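> Quick one, run-v7.txt (compact mmCIF, C-alpha atoms and all ligand atoms):
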```txt
# COMPACT_ATOMS: atom_id res chain seq x y z
CA MET A 1 3.20 -5.39 -24.71
CA THR A 2 -0.38 -6.61 -24.66
CA ARG A 3 -1.71 -6.49 -21.11
CA ARG A 4 -3.61 -9.43 -19.72
CA LEU A 5 -6.92 -8.69 -18.03
CA VAL A 6 -8.88 -11.08 -15.85
CA VAL A 7 -12.46 -9.86 -15.53
CA LEU A 8 -14.59 -10.83 -12.53
CA ALA A 9 -18.32 -10.46 -13.18
CA SER A 10 -21.42 -11.69 -11.37
CA GLY A 11 -24.14 -10.68 -13.79
CA THR A 12 -25.11 -9.44 -17.22
CA GLY A 13 -21.63 -8.51 -18.34
CA SER A 14 -22.42 -5.49 -20.52
CA ASN A 15 -19.20 -3.88 -19.25
CA LEU A 16 -17.31 -7.09 -19.94
CA GLN A 17 -18.71 -6.94 -23.48
CA ALA A 18 -17.48 -3.36 -23.89
CA ILE A 19 -13.99 -4.54 -22.85
CA ILE A 20 -14.09 -7.53 -25.20
CA ASP A 21 -15.26 -5.35 -28.11
CA ALA A 22 -12.56 -2.74 -27.43
CA CYS A 23 -9.88 -5.45 -27.35
CA THR A 24 -11.20 -6.92 -30.59
CA ASP A 25 -11.32 -3.67 -32.51
CA GLY A 26 -7.94 -2.49 -31.23
CA ALA A 27 -9.25 0.38 -29.11
CA LEU A 28 -7.82 -1.34 -26.02
CA PRO A 29 -4.34 -2.89 -26.34
CA ALA A 30 -5.15 -5.78 -24.04
CA GLU A 31 -6.57 -9.28 -24.04
CA VAL A 32 -9.16 -10.74 -21.72
CA ALA A 33 -7.26 -13.77 -20.43
CA ALA A 34 -10.27 -15.11 -18.53
CA VAL A 35 -13.67 -14.26 -17.16
CA VAL A 36 -14.46 -15.54 -13.67
CA SER A 37 -17.89 -15.52 -12.06
CA ASP A 38 -19.26 -16.52 -8.69
CA ARG A 39 -22.56 -17.35 -10.43
CA ALA A 40 -22.88 -20.32 -12.76
CA ASP A 41 -25.76 -18.66 -14.64
CA ALA A 42 -24.07 -15.30 -15.18
CA LEU A 43 -24.60 -14.00 -18.71
CA ALA A 44 -21.02 -12.74 -18.46
CA LEU A 45 -19.80 -16.36 -18.70
CA ARG A 46 -21.87 -16.88 -21.87
CA ARG A 47 -20.38 -13.74 -23.38
CA ALA A 48 -16.90 -15.09 -22.62
CA HIS A 49 -17.70 -18.46 -24.24
CA LEU A 50 -18.97 -16.72 -27.35
CA ALA A 51 -15.74 -14.73 -27.57
CA CYS A 52 -13.63 -17.91 -27.06
CA ILE A 53 -12.32 -16.61 -23.74
CA PRO A 54 -11.82 -19.04 -20.83
CA ALA A 55 -14.91 -18.77 -18.62
CA VAL A 56 -14.62 -20.09 -15.10
CA HIS A 57 -17.30 -20.47 -12.48
CA VAL A 58 -15.98 -20.31 -8.92
CA GLY A 59 -19.01 -20.86 -6.70
CA ARG A 60 -18.99 -20.64 -2.95
CA ARG A 61 -19.12 -24.12 -1.41
CA ASP A 62 -21.53 -25.02 1.40
CA GLY A 63 -20.15 -23.72 4.67
CA GLU A 64 -17.07 -22.23 3.04
CA SER A 65 -15.79 -19.11 4.79
CA ARG A 66 -15.39 -15.88 2.87
CA ALA A 67 -11.63 -16.06 3.48
CA ASP A 68 -11.35 -19.61 2.13
CA TYR A 69 -13.44 -18.74 -0.91
CA ASP A 70 -11.26 -15.72 -1.62
CA ALA A 71 -8.07 -17.80 -1.34
CA ARG A 72 -9.50 -20.29 -3.84
CA LEU A 73 -10.57 -17.45 -6.14
CA ALA A 74 -7.07 -15.93 -5.95
CA GLU A 75 -5.54 -19.24 -6.99
CA VAL A 76 -7.78 -19.40 -10.07
CA VAL A 77 -7.10 -15.79 -11.07
CA THR A 78 -3.34 -16.10 -10.47
CA GLY A 79 -3.33 -19.03 -12.89
CA PHE A 80 -4.20 -16.61 -15.71
CA ASP A 81 -1.26 -14.34 -14.85
CA PRO A 82 -3.09 -10.99 -15.08
CA HIS A 83 -1.60 -7.53 -15.26
CA TRP A 84 -4.95 -6.13 -14.13
CA VAL A 85 -7.93 -7.71 -12.38
CA VAL A 86 -11.13 -5.92 -13.38
CA LEU A 87 -14.28 -6.07 -11.25
CA ALA A 88 -17.04 -5.41 -13.79
CA GLY A 89 -20.25 -6.03 -11.91
CA TRP A 90 -18.59 -8.29 -9.33
CA MET A 91 -21.06 -8.28 -6.45
CA ARG A 92 -19.02 -9.79 -3.62
CA VAL A 93 -16.80 -7.88 -1.21
CA LEU A 94 -13.26 -9.22 -1.53
CA THR A 95 -11.12 -9.81 1.55
CA MET A 96 -7.37 -9.40 1.82
CA ASN A 97 -7.11 -13.15 1.21
CA PHE A 98 -7.79 -12.23 -2.40
CA LEU A 99 -6.57 -8.63 -2.57
CA GLY A 100 -3.23 -9.45 -0.96
CA TRP A 101 -2.26 -11.39 -4.07
CA PHE A 102 -2.88 -8.45 -6.41
CA PRO A 103 -1.57 -5.26 -4.77
CA GLY A 104 -2.50 -2.17 -6.78
CA MET A 105 -3.84 -4.39 -9.57
CA VAL A 106 -7.56 -4.64 -8.80
CA VAL A 107 -9.83 -2.13 -10.57
CA ASN A 108 -13.51 -1.73 -9.64
CA LEU A 109 -16.35 -0.06 -11.48
CA HIS A 110 -19.25 1.44 -9.52
CA PRO A 111 -22.34 3.29 -10.80
CA ALA A 112 -22.05 6.28 -8.49
CA LEU A 113 -19.61 9.06 -7.72
CA PRO A 114 -16.89 8.64 -5.06
CA GLY A 115 -18.26 8.38 -1.55
CA GLU A 116 -21.86 8.04 -2.74
CA LEU A 117 -24.22 5.07 -2.73
CA PRO A 118 -21.81 2.18 -2.07
CA GLY A 119 -23.11 -1.37 -2.45
CA VAL A 120 -25.90 -2.81 -4.58
CA HIS A 121 -28.69 -1.02 -6.52
CA ALA A 122 -26.84 2.32 -6.61
CA ILE A 123 -28.69 3.47 -9.74
CA GLU A 124 -32.12 2.71 -8.28
CA ARG A 125 -31.20 4.43 -5.03
CA ALA A 126 -30.00 7.51 -6.90
CA TRP A 127 -33.25 7.61 -8.88
CA ASN A 128 -35.31 7.22 -5.68
CA GLU A 129 -33.39 10.08 -4.06
CA ALA A 130 -34.05 12.23 -7.15
CA GLN A 131 -37.78 11.44 -6.93
CA ALA A 132 -37.69 12.61 -3.32
CA GLY A 133 -36.01 15.85 -4.42
CA HIS A 134 -32.69 15.04 -2.79
CA ARG A 135 -30.44 14.89 -5.84
CA THR A 136 -30.32 15.93 -9.49
CA GLY A 137 -27.50 13.73 -10.68
CA THR A 138 -25.35 10.70 -10.13
CA GLY A 139 -22.36 9.28 -11.96
CA VAL A 140 -19.86 6.50 -12.34
CA MET A 141 -16.40 5.85 -11.03
CA VAL A 142 -13.48 3.55 -11.61
CA HIS A 143 -11.14 3.03 -8.67
CA LEU A 144 -8.44 0.79 -7.33
CA VAL A 145 -9.39 -1.69 -4.63
CA SER A 146 -6.75 -1.68 -1.94
CA ASP A 147 -8.70 -2.97 1.05
CA GLU A 148 -12.04 -4.42 2.08
CA GLY A 149 -13.93 -1.12 1.84
CA VAL A 150 -17.09 -1.31 -0.27
CA ASP A 151 -16.83 0.60 -3.57
CA ASP A 152 -14.07 2.69 -2.07
CA GLY A 153 -10.43 3.24 -2.94
CA PRO A 154 -8.06 5.47 -4.92
CA VAL A 155 -10.10 7.02 -7.72
CA LEU A 156 -8.89 6.62 -11.32
CA ALA A 157 -11.81 8.21 -13.20
CA THR A 158 -15.27 9.64 -12.70
CA ALA A 159 -18.06 10.92 -14.92
CA ALA A 160 -21.23 12.72 -13.90
CA VAL A 161 -24.63 11.60 -15.18
CA PRO A 162 -27.57 14.01 -14.77
CA ILE A 163 -30.93 12.65 -13.63
CA LEU A 164 -33.54 14.13 -15.93
CA ALA A 165 -37.04 15.12 -14.81
CA ASP A 166 -38.66 12.50 -17.04
CA ASP A 167 -36.16 9.72 -16.31
CA THR A 168 -37.45 6.32 -15.30
CA VAL A 169 -35.11 3.93 -13.49
CA ASP A 170 -34.61 2.21 -16.83
CA THR A 171 -33.71 5.30 -18.85
CA LEU A 172 -31.35 6.44 -16.11
CA ALA A 173 -29.76 2.97 -15.93
CA GLU A 174 -29.28 2.94 -19.68
CA ARG A 175 -27.41 6.28 -19.61
CA VAL A 176 -25.33 5.22 -16.60
CA HIS A 177 -24.33 1.95 -18.28
CA HIS A 178 -23.49 3.74 -21.50
CA THR A 179 -21.24 6.08 -19.53
CA GLU A 180 -19.68 3.15 -17.66
CA HIS A 181 -18.75 1.36 -20.87
CA ARG A 182 -16.87 4.42 -22.12
CA VAL A 183 -15.19 5.37 -18.83
CA LEU A 184 -14.13 1.80 -18.00
CA VAL A 185 -12.58 1.18 -21.41
CA ASP A 186 -10.86 4.61 -21.41
CA THR A 187 -9.43 3.98 -17.93
CA LEU A 188 -8.21 0.51 -18.82
CA ARG A 189 -6.58 1.88 -21.96
CA THR A 190 -4.67 4.40 -19.86
CA LEU A 191 -3.71 1.75 -17.30
CA CYS A 192 -2.45 -0.51 -20.08
CA THR A 193 -0.51 2.14 -21.99
CA ASP A 194 0.47 4.85 -19.51
CA PRO A 195 -0.14 3.81 -15.88
CA HIS A 196 2.01 6.73 -14.65
CA HIS A 197 -0.74 9.02 -15.90
CA PHE A 198 -2.36 8.42 -12.52
CA THR A 199 0.17 10.35 -10.48
CA HIS A 200 -2.31 12.10 -8.21
CA GLY A 201 -2.04 9.33 -5.66
CA ALA A 202 -3.90 6.38 -7.06
CA LEU A 203 -0.79 4.73 -8.51
CA ALA A 204 1.88 6.94 -6.96
C1 LIG B 1 -22.54 -2.03 -13.34
O1 LIG B 1 -23.45 -0.96 -13.29
C2 LIG B 1 -21.48 -1.87 -12.29
O2 LIG B 1 -21.08 -0.55 -12.09
C3 LIG B 1 -22.19 -2.43 -11.08
O3 LIG B 1 -22.82 -3.58 -11.55
C4 LIG B 1 -23.25 -3.32 -12.91
C5 LIG B 1 -22.85 -4.49 -13.77
O4 LIG B 1 -23.40 -4.36 -15.07
N1 LIG B 1 -21.30 -2.68 -10.00
C6 LIG B 1 -21.60 -2.41 -8.74
O5 LIG B 1 -22.69 -2.01 -8.39
C7 LIG B 1 -20.50 -2.66 -7.74
N2 LIG B 1 -20.91 -2.24 -6.46
P1 LIG B 1 -22.94 -5.34 -16.22
O6 LIG B 1 -23.02 -6.76 -15.64
O7 LIG B 1 -23.94 -5.16 -17.30
O8 LIG B 1 -21.55 -4.98 -16.61
```
Please express the file's structure as structure tokens.
Ligand code: GAR

Amino acid sequence: MTRRLVVLASGTGSNLQAIIDACTDGALPAEVAAVVSDRADALALRRAHLACIPAVHVGRRDGESRADYDARLAEVVTGFDPHWVVLAGWMRVLTMNFLGWFPGMVVNLHPALPGELPGVHAIERAWNEAQAGHRTGTGVMVHLVSDEGVDDGPVLATAAVPILADDTVDTLAERVHHTEHRVLVDTLRTLCTDPHHFTHGALA
């Protein structure tokens, strides 16, 4: 059965595009039921429009609490009846007011290895640390989001990305994003076709 994905994205949406392309060419047996963004100007929404996928902007209202926003967001996402909710460059921490509606169904992508560099600008921070001689590599991870921890939760997949001596932030970012596109699509394919593959704890 084709699995329904709702993708939450705040920005450029290159990972969203990788998902859309994989669905289109059959590499991922899923459909993107909707793309939701907290930013009206997110390129991710334009990508959704171009692919004829419902694109919904859910902006935070003046004075609205995080909990109220998350409840409103959950209502929108629930309306698309997802099997999986994919955070692909979603740059807001979600509270249990959202997560409680989707237990074990929310998947996050982060451009760093587990336990490293949570939050924003992880690639730039990794590159800065490499310049200072404190690291020689970084990576990407895909994990489940089970609570309000930032870029933390049961790990589904990781991939290492070396930081080369002549890397600029841009060349490193390009390699990290390239790796993300592959790892995210591969992980979603496994979730959609064989979720019991993840028996080491993540989905047990
Ligand atoms: C990706 O690198 C993703 O891992 C990161 O935002 C970028 C979105 O790129 N997410 C986080 O940093 C979450 N903490 P995209 O909009 O081109 O897909």
> Set the cut-off to 6 Å, count only C-alpha atoms and all ligand atoms, and list whatever residues fall near ligand LIG 1 (chain B) as a PDB file with C-alpha atoms, keeping the file's coordinate frame.

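Result saved to part.pdb:
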```pdb
ATOM      1  CA  GLY A  11     -24.140 -10.680 -13.790  1.00  0.00           C
ATOM      2  CA  THR A  12     -25.110  -9.440 -17.220  1.00  0.00           C
ATOM      3  CA  GLY A  13     -21.630  -8.510 -18.340  1.00  0.00           C
ATOM      4  CA  SER A  14     -22.420  -5.490 -20.520  1.00  0.00           C
ATOM      5  CA  ASN A  15     -19.200  -3.880 -19.250  1.00  0.00           C
ATOM      6  CA  LEU A  16     -17.310  -7.090 -19.940  1.00  0.00           C
ATOM      7  CA  ALA A  88     -17.040  -5.410 -13.790  1.00  0.00           C
ATOM      8  CA  GLY A  89     -20.250  -6.030 -11.910  1.00  0.00           C
ATOM      9  CA  MET A  91     -21.060  -8.280  -6.450  1.00  0.00           C
ATOM     10  CA  LEU A 109     -16.350  -0.060 -11.480  1.00  0.00           C
ATOM     11  CA  HIS A 110     -19.250   1.440  -9.520  1.00  0.00           C
ATOM     12  CA  PRO A 111     -22.340   3.290 -10.800  1.00  0.00           C
ATOM     13  CA  GLY A 119     -23.110  -1.370  -2.450  1.00  0.00           C
ATOM     14  CA  VAL A 120     -25.900  -2.810  -4.580  1.00  0.00           C
ATOM     15  CA  ASP A 151     -16.830   0.600  -3.570  1.00  0.00           C
ATOM     16  CA  HIS A 177     -24.330   1.950 -18.280  1.00  0.00           C
TER      17      HIS A 177
END
```
> Name the closest residue to Gly137 of chain A among the candidates A:Val161, A:Met1, A:Ala67, A:Leu184; distances are taken between atoms, counting only C-alpha atoms.
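Comparing A:Val161, A:Met1, A:Ala67, A:Leu184 against Gly137 of chain A, the winner is A:Val161.
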> Figure out the distance between atom CA of Thr187 of chain A and atom CA of Ala30 of chain A, please, to one decimal in Å.
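Taking atom CA of Ala30 of chain A and atom CA of Thr187 of chain A, their separation equals 12.3 Å.
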> Just to confirm, what's the straight-line distance from atom CA of Ala74 of chain A to atom CA of Asn97 of chain A in Å (one decimal)?
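About the pair atom CA of Ala74 of chain A and atom CA of Asn97 of chain A: they are 7.7 Å apart.
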> What does the structure give for the distance between atom CA of Val76 of chain A and atom CA of Leu28 of chain A, in Å to one decimal?
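Calculated distance between atom CA of Val76 of chain A and atom CA of Leu28 of chain A is 24.1 Å.
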> Counting only C-alpha atoms, note down every residue that has an atom within 12 Å of the point (-6.9, 2.6, -10.7) (file coordinates), as a ChimeraX atom specification.
/A:84-87,103-109,141-146,152-158,183-184,186-192,194-204
> Every residue with an atom at most 10 Å from (-31.3, 4.1, -7.5) (file coordinates; only C-alpha atoms) is what I'm after, so could you write them as a PDB file with C-alpha atoms, in the coordinates of the input?

```
ATOM      1  CA  PRO A 111     -22.340   3.290 -10.800  1.00  0.00           C
ATOM      2  CA  ALA A 112     -22.050   6.280  -8.490  1.00  0.00           C
ATOM      3  CA  LEU A 117     -24.220   5.070  -2.730  1.00  0.00           C
ATOM      4  CA  VAL A 120     -25.900  -2.810  -4.580  1.00  0.00           C
ATOM      5  CA  HIS A 121     -28.690  -1.020  -6.520  1.00  0.00           C
ATOM      6  CA  ALA A 122     -26.840   2.320  -6.610  1.00  0.00           C
ATOM      7  CA  ILE A 123     -28.690   3.470  -9.740  1.00  0.00           C
ATOM      8  CA  GLU A 124     -32.120   2.710  -8.280  1.00  0.00           C
ATOM      9  CA  ARG A 125     -31.200   4.430  -5.030  1.00  0.00           C
ATOM     10  CA  ALA A 126     -30.000   7.510  -6.900  1.00  0.00           C
ATOM     11  CA  TRP A 127     -33.250   7.610  -8.880  1.00  0.00           C
ATOM     12  CA  ASN A 128     -35.310   7.220  -5.680  1.00  0.00           C
ATOM     13  CA  GLU A 129     -33.390  10.080  -4.060  1.00  0.00           C
ATOM     14  CA  ALA A 130     -34.050  12.230  -7.150  1.00  0.00           C
ATOM     15  CA  GLN A 131     -37.780  11.440  -6.930  1.00  0.00           C
ATOM     16  CA  THR A 138     -25.350  10.700 -10.130  1.00  0.00           C
ATOM     17  CA  VAL A 169     -35.110   3.930 -13.490  1.00  0.00           C
ATOM     18  CA  LEU A 172     -31.350   6.440 -16.110  1.00  0.00           C
ATOM     19  CA  ALA A 173     -29.760   2.970 -15.930  1.00  0.00           C
TER      20      ALA A 173
END
```
> For segment 151-163 of chain A in the structure I just supplied, write out N, CA, C and O atoms - as a PDB file, in the first residue's frame.

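Contents of the output file part.pdb:
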```pdb
ATOM      1  N   ASP A 151      16.888  17.613  17.965  1.00  0.00           N
ATOM      2  CA  ASP A 151      17.669  16.731  17.091  1.00  0.00           C
ATOM      3  C   ASP A 151      18.171  15.506  17.853  1.00  0.00           C
ATOM      4  O   ASP A 151      19.345  15.128  17.788  1.00  0.00           O
ATOM      5  N   ASP A 152      17.224  14.887  18.561  1.00  0.00           N
ATOM      6  CA  ASP A 152      17.566  13.776  19.438  1.00  0.00           C
ATOM      7  C   ASP A 152      16.402  12.780  19.407  1.00  0.00           C
ATOM      8  O   ASP A 152      15.247  13.199  19.344  1.00  0.00           O
ATOM      9  N   GLY A 153      16.727  11.503  19.435  1.00  0.00           N
ATOM     10  CA  GLY A 153      15.682  10.493  19.449  1.00  0.00           C
ATOM     11  C   GLY A 153      16.217   9.212  18.842  1.00  0.00           C
ATOM     12  O   GLY A 153      17.349   9.178  18.347  1.00  0.00           O
ATOM     13  N   PRO A 154      15.413   8.140  18.882  1.00  0.00           N
ATOM     14  CA  PRO A 154      15.876   6.847  18.368  1.00  0.00           C
ATOM     15  C   PRO A 154      16.387   6.947  16.929  1.00  0.00           C
ATOM     16  O   PRO A 154      15.669   7.393  16.031  1.00  0.00           O
ATOM     17  N   VAL A 155      17.635   6.506  16.761  1.00  0.00           N
ATOM     18  CA  VAL A 155      18.315   6.698  15.468  1.00  0.00           C
ATOM     19  C   VAL A 155      17.893   5.619  14.472  1.00  0.00           C
ATOM     20  O   VAL A 155      17.876   4.429  14.792  1.00  0.00           O
ATOM     21  N   LEU A 156      17.556   6.041  13.261  1.00  0.00           N
ATOM     22  CA  LEU A 156      17.180   5.112  12.187  1.00  0.00           C
ATOM     23  C   LEU A 156      18.327   4.901  11.213  1.00  0.00           C
ATOM     24  O   LEU A 156      18.485   3.808  10.665  1.00  0.00           O
ATOM     25  N   ALA A 157      19.114   5.942  10.955  1.00  0.00           N
ATOM     26  CA  ALA A 157      20.221   5.823   9.992  1.00  0.00           C
ATOM     27  C   ALA A 157      21.224   6.942  10.225  1.00  0.00           C
ATOM     28  O   ALA A 157      20.860   8.038  10.654  1.00  0.00           O
ATOM     29  N   THR A 158      22.477   6.630   9.912  1.00  0.00           N
ATOM     30  CA  THR A 158      23.528   7.650   9.961  1.00  0.00           C
ATOM     31  C   THR A 158      24.457   7.452   8.762  1.00  0.00           C
ATOM     32  O   THR A 158      24.510   6.360   8.184  1.00  0.00           O
ATOM     33  N   ALA A 159      25.173   8.496   8.424  1.00  0.00           N
ATOM     34  CA  ALA A 159      26.240   8.376   7.426  1.00  0.00           C
ATOM     35  C   ALA A 159      27.303   9.409   7.775  1.00  0.00           C
ATOM     36  O   ALA A 159      26.976  10.559   8.097  1.00  0.00           O
ATOM     37  N   ALA A 160      28.547   8.983   7.715  1.00  0.00           N
ATOM     38  CA  ALA A 160      29.658   9.894   8.012  1.00  0.00           C
ATOM     39  C   ALA A 160      30.011  10.696   6.764  1.00  0.00           C
ATOM     40  O   ALA A 160      29.884  10.213   5.628  1.00  0.00           O
ATOM     41  N   VAL A 161      30.433  11.933   6.981  1.00  0.00           N
ATOM     42  CA  VAL A 161      30.917  12.787   5.886  1.00  0.00           C
ATOM     43  C   VAL A 161      32.255  13.367   6.338  1.00  0.00           C
ATOM     44  O   VAL A 161      32.311  14.102   7.333  1.00  0.00           O
ATOM     45  N   PRO A 162      33.347  13.046   5.626  1.00  0.00           N
ATOM     46  CA  PRO A 162      34.650  13.602   6.023  1.00  0.00           C
ATOM     47  C   PRO A 162      34.710  15.106   5.721  1.00  0.00           C
ATOM     48  O   PRO A 162      34.053  15.585   4.795  1.00  0.00           O
ATOM     49  N   ILE A 163      35.476  15.827   6.510  1.00  0.00           N
ATOM     50  CA  ILE A 163      35.736  17.243   6.209  1.00  0.00           C
ATOM     51  C   ILE A 163      37.148  17.306   5.623  1.00  0.00           C
ATOM     52  O   ILE A 163      38.124  16.946   6.298  1.00  0.00           O
TER      53      ILE A 163
END
```
